Amino acid sequence: MSIDGPGSRLAYSEVLAVNGFIVFPEISKDDLVKAASGLGWMAPDWHRIEVRERKHARPNSLSGLYGRGSFPWHTDGAIARDSPRYLMMHCGDADLSEPTEILALKRESSEDIANVMAGTALLVTPDKGSKWFSRALDRGGSRFQARWDTRACTPRSARSAMRLQGLLADIEPTGSVQWAAGTGVIIDNFTALHRRPCVGSPNRILHRRYIYEQD
Ligand SMILES: [Fe+2]
């Protein structure tokens with residue numbers, strides 16, 4: 001897959017919308033930035049993501065809650081009204097192969113989950129500021145935006161919550177990313193959920209940068 005060219009950028013967004021992610025094996029960070037540059041407004045900084053034991057992580061972070069254990073399905077920035085559209089990730093080092101798993105919600109196999117998410121109202125509770133309501137999947141008109149993070153987005157109906165948690169517990173991922181040094185990935189944070197299984201070794205260094213929709 002070529003990196004440059006306006007045609008490829010359009011193709012990237014189309015592939016991302018359906019498959020939820022694109023993997024670039026052995027790519028530099030600079031080339032990954034080039035590949036993603038047409039997708040929206042790129043936040044200026046890369047954030048380093050390390051495997052952390054629970055006691056060394058921020059209390060309400062995923063590492064603070066789960067440590068090296070498996071992280072549940074989620075979208076990033078679910079508590080923000082302006083969630084990142086895409087996650088760009090680059091692997092600095094990894095000596096084990098625990099993947100990041102992807103659940104693409106536009107795939108046929110995800111239809112039941114997408115339908116239940118679309119019918120699930122969430123109470124979003126940010127750390128600061130007022131609570132607000134959202135759907136777990138907003139797919140009105142041309143919009144298709146998932147929002148899911150059980151730490152701060154609570155379904156209003158216990159029945160919907162149980163149904164959705166049950167479906168998510170049983171469903172197989174639609175894709176996965178096997179990390180190695182130099183692997184680059186773009187994940188569509190609106191059309192896909194992601195998660196991580198237990199990580200055996202702390203030696204997994206990822207860098208992440210968010211891309212936001214432009215008005
Ligand atoms: Fe995440």
# chains A, B, ... in the order shown; residues from 1 in each chain; ligands from 1

call {"tool": "closest_atom_pairs", "arguments": {"of": "segment 103-188 of chain A", "to": "segment 20-30 of chain A", "cutoff": "10 Å", "atoms": "only C-alpha atoms", "output": "JSON lines"}}
result
{"residue": "A:Leu103", "atom": "CA", "partner": "A:Gly20", "partner_atom": "CA", "distance": 7.2}
{"residue": "A:Ala104", "atom": "CA", "partner": "A:Gly20", "partner_atom": "CA", "distance": 4.9}
{"residue": "A:Leu105", "atom": "CA", "partner": "A:Gly20", "partner_atom": "CA", "distance": 7.8}
{"residue": "A:Lys106", "atom": "CA", "partner": "A:Gly20", "partner_atom": "CA", "distance": 8.3}
{"residue": "A:Arg107", "atom": "CA", "partner": "A:Gly20", "partner_atom": "CA", "distance": 9.1}
{"residue": "A:Thr174", "atom": "CA", "partner": "A:Gly20", "partner_atom": "CA", "distance": 8.7}
{"residue": "A:Gly175", "atom": "CA", "partner": "A:Phe21", "partner_atom": "CA", "distance": 8.2}
{"residue": "A:Ser176", "atom": "CA", "partner": "A:Phe21", "partner_atom": "CA", "distance": 8.9}
{"residue": "A:Val177", "atom": "CA", "partner": "A:Val23", "partner_atom": "CA", "distance": 7.1}
{"residue": "A:Gln178", "atom": "CA", "partner": "A:Val23", "partner_atom": "CA", "distance": 9.2}
{"residue": "A:Trp179", "atom": "CA", "partner": "A:Pro25", "partner_atom": "CA", "distance": 9.0}
{"residue": "A:Ala180", "atom": "CA", "partner": "A:Glu26", "partner_atom": "CA", "distance": 8.3}
{"residue": "A:Ala181", "atom": "CA", "partner": "A:Glu26", "partner_atom": "CA", "distance": 7.5}
{"residue": "A:Gly182", "atom": "CA", "partner": "A:Glu26", "partner_atom": "CA", "distance": 4.5}
{"residue": "A:Thr183", "atom": "CA", "partner": "A:Pro25", "partner_atom": "CA", "distance": 4.7}
{"residue": "A:Gly184", "atom": "CA", "partner": "A:Phe24", "partner_atom": "CA", "distance": 4.9}
{"residue": "A:Val185", "atom": "CA", "partner": "A:Val23", "partner_atom": "CA", "distance": 4.6}
{"residue": "A:Ile186", "atom": "CA", "partner": "A:Ile22", "partner_atom": "CA", "distance": 5.4}
{"residue": "A:Ile187", "atom": "CA", "partner": "A:Phe21", "partner_atom": "CA", "distance": 4.3}
{"residue": "A:Asp188", "atom": "CA", "partner": "A:Gly20", "partner_atom": "CA", "distance": 5.0}

call {"tool": "residues_near_ligand", "arguments": {"ligand": "ligand 1", "cutoff": "8 Å", "atoms": "only C-alpha atoms and all ligand atoms", "output": "list in words"}}
result
His74, Thr75, Asp76, His194 and Arg195 of chain A

call {"tool": "write_last_selection", "arguments": {"atoms": "C-alpha atoms", "output": "short mmCIF file (atom, residue, chain, number, x, y, z; two decimals), in the first residue's frame"}}
result
data_model
loop_
_atom_site.label_atom_id
_atom_site.label_comp_id
_atom_site.auth_asym_id
_atom_site.auth_seq_id
_atom_site.Cartn_x
_atom_site.Cartn_y
_atom_site.Cartn_z
CA HIS A 74 -13.59 0.42 24.59
CA THR A 75 -13.20 3.52 22.49
CA ASP A 76 -10.60 6.12 23.48
CA HIS A 194 -10.48 -2.14 20.69
CA ARG A 195 -9.10 -4.09 23.63
#

call {"tool": "residues_around", "arguments": {"residues": "Ala161 of chain A", "least_positions_apart": "3", "cutoff": "12 Å", "atoms": "only C-alpha atoms", "output": "ChimeraX atom specification"}}
result
/A:113,116-117,119-123,136,148-150,153-158,164-169

call {"tool": "residues_around", "arguments": {"residues": "Leu65 of chain A", "least_positions_apart": "6", "cutoff": "12 Å", "atoms": "only C-alpha atoms", "output": "ChimeraX atom specification"}}
result
/A:52-59,71-72,150-151

call {"tool": "write_last_selection", "arguments": {"atoms": "C-alpha atoms", "output": "tab-separated table (two decimals), in the first residue's frame"}}
result
chain	number	residue	atom	x	y	z
A	52	ARG	CA	2.22	-0.86	34.01
A	53	GLU	CA	1.43	-2.74	37.17
A	54	ARG	CA	-1.75	-1.50	38.80
A	55	LYS	CA	0.07	0.11	41.72
A	56	HIS	CA	2.24	2.24	39.41
A	57	ALA	CA	-0.59	3.55	37.23
A	58	ARG	CA	-3.09	6.39	37.61
A	59	PRO	CA	-6.00	5.05	39.71
A	71	PHE	CA	-8.47	-4.42	29.03
A	72	PRO	CA	-12.16	-4.54	28.04
A	150	THR	CA	-17.52	1.24	31.17
A	151	ARG	CA	-15.44	3.43	33.50

call {"tool": "closest_atom_pairs", "arguments": {"of": "segment 86-148 of chain A", "to": "segment 199-211 of chain A", "cutoff": "12 Å", "atoms": "only C-alpha atoms", "output": "Markdown table"}}
result
| residue | atom | partner | partner_atom | distance |
| --- | --- | --- | --- | --- |
| A:Tyr86 | CA | A:Ile211 | CA | 5.1 |
| A:Leu87 | CA | A:Tyr210 | CA | 4.9 |
| A:Met88 | CA | A:Arg209 | CA | 5.2 |
| A:Met89 | CA | A:Arg208 | CA | 4.4 |
| A:His90 | CA | A:His207 | CA | 5.1 |
| A:Cys91 | CA | A:Leu206 | CA | 4.5 |
| A:Gly92 | CA | A:Ile205 | CA | 5.3 |
| A:Asp93 | CA | A:Ile205 | CA | 5.1 |
| A:Ala94 | CA | A:Arg204 | CA | 4.3 |
| A:Asp95 | CA | A:Asn203 | CA | 6.3 |
| A:Leu96 | CA | A:Ser201 | CA | 7.0 |
| A:Ser97 | CA | A:Val199 | CA | 8.8 |
| A:Glu98 | CA | A:Val199 | CA | 6.2 |
| A:Pro99 | CA | A:Val199 | CA | 9.0 |
| A:Thr100 | CA | A:Val199 | CA | 10.5 |

call {"tool": "write_last_selection", "arguments": {"atoms": "N, CA and C atoms", "output": "short mmCIF file (atom, residue, chain, number, x, y, z; two decimals), in the first residue's frame"}}
result
data_model
loop_
_atom_site.label_atom_id
_atom_site.label_comp_id
_atom_site.auth_asym_id
_atom_site.auth_seq_id
_atom_site.Cartn_x
_atom_site.Cartn_y
_atom_site.Cartn_z
N TYR A 86 -9.52 9.09 15.04
CA TYR A 86 -8.56 8.01 14.75
C TYR A 86 -7.47 7.97 15.82
N LEU A 87 -6.95 6.79 16.06
CA LEU A 87 -5.76 6.61 16.89
C LEU A 87 -4.64 6.17 15.98
N MET A 88 -3.54 6.86 16.08
CA MET A 88 -2.36 6.44 15.32
C MET A 88 -1.40 5.84 16.34
N MET A 89 -0.95 4.63 16.10
CA MET A 89 -0.07 3.98 17.09
C MET A 89 1.16 3.44 16.40
N HIS A 90 2.29 3.52 17.10
CA HIS A 90 3.55 3.03 16.56
C HIS A 90 4.27 2.27 17.66
N CYS A 91 4.81 1.11 17.30
CA CYS A 91 5.46 0.26 18.30
C CYS A 91 6.95 0.54 18.34
N GLY A 92 7.43 0.96 19.52
CA GLY A 92 8.86 1.19 19.69
C GLY A 92 9.59 -0.09 20.02
N ASP A 93 8.92 -0.96 20.77
CA ASP A 93 9.55 -2.22 21.16
C ASP A 93 8.46 -3.18 21.65
N ALA A 94 8.66 -4.43 21.37
CA ALA A 94 7.74 -5.45 21.90
C ALA A 94 8.43 -6.79 21.78
N ASP A 95 8.55 -7.51 22.89
CA ASP A 95 9.20 -8.81 22.80
C ASP A 95 8.20 -9.95 22.97
N LEU A 96 6.94 -9.59 23.02
CA LEU A 96 5.91 -10.62 23.07
C LEU A 96 4.82 -10.25 22.08
N SER A 97 3.94 -11.15 21.85
CA SER A 97 3.02 -10.90 20.74
C SER A 97 1.58 -10.67 21.16
N GLU A 98 1.36 -10.21 22.39
CA GLU A 98 -0.03 -9.92 22.75
C GLU A 98 -0.57 -8.85 21.80
N PRO A 99 -1.65 -9.15 21.14
CA PRO A 99 -2.15 -8.22 20.13
C PRO A 99 -3.03 -7.13 20.74
N THR A 100 -3.32 -6.13 19.94
CA THR A 100 -4.47 -5.27 20.19
C THR A 100 -5.58 -5.83 19.32
#

call {"tool": "closest_residue", "arguments": {"among": "A:Pro173, A:Gly64, A:Pro126, A:Gly69", "to": "Leu193 of chain A", "atoms": "only C-alpha atoms"}}
result
A:Pro173

call {"tool": "residues_around", "arguments": {"residues": "Gln145 of chain A", "least_positions_apart": "3", "cutoff": "7 Å", "atoms": "only C-alpha atoms", "output": "PDB file with C-alpha atoms, in the first residue's frame"}}
result
ATOM      1  CA  LEU A 137     -23.599   4.232  18.836  1.00  0.00           C
ATOM      2  CA  ASP A 138     -24.773   7.378  17.093  1.00  0.00           C
ATOM      3  CA  ARG A 139     -25.618   6.439  13.525  1.00  0.00           C
ATOM      4  CA  PHE A 190     -15.694   5.816  15.683  1.00  0.00           C
ATOM      5  CA  THR A 191     -16.385   2.608  13.784  1.00  0.00           C
TER       6      THR A 191
END

call {"tool": "select_by_dssp", "arguments": {"residues": "segment 5-204 of chain A", "states": "strand (DSSP E)", "output": "ChimeraX atom specification"}}
result
/A:21-24,41-42,47-50,71-74,86-94,100-104,121-124,132-135,137-138,145-146,153-155,175-177,184-188,192-196,204
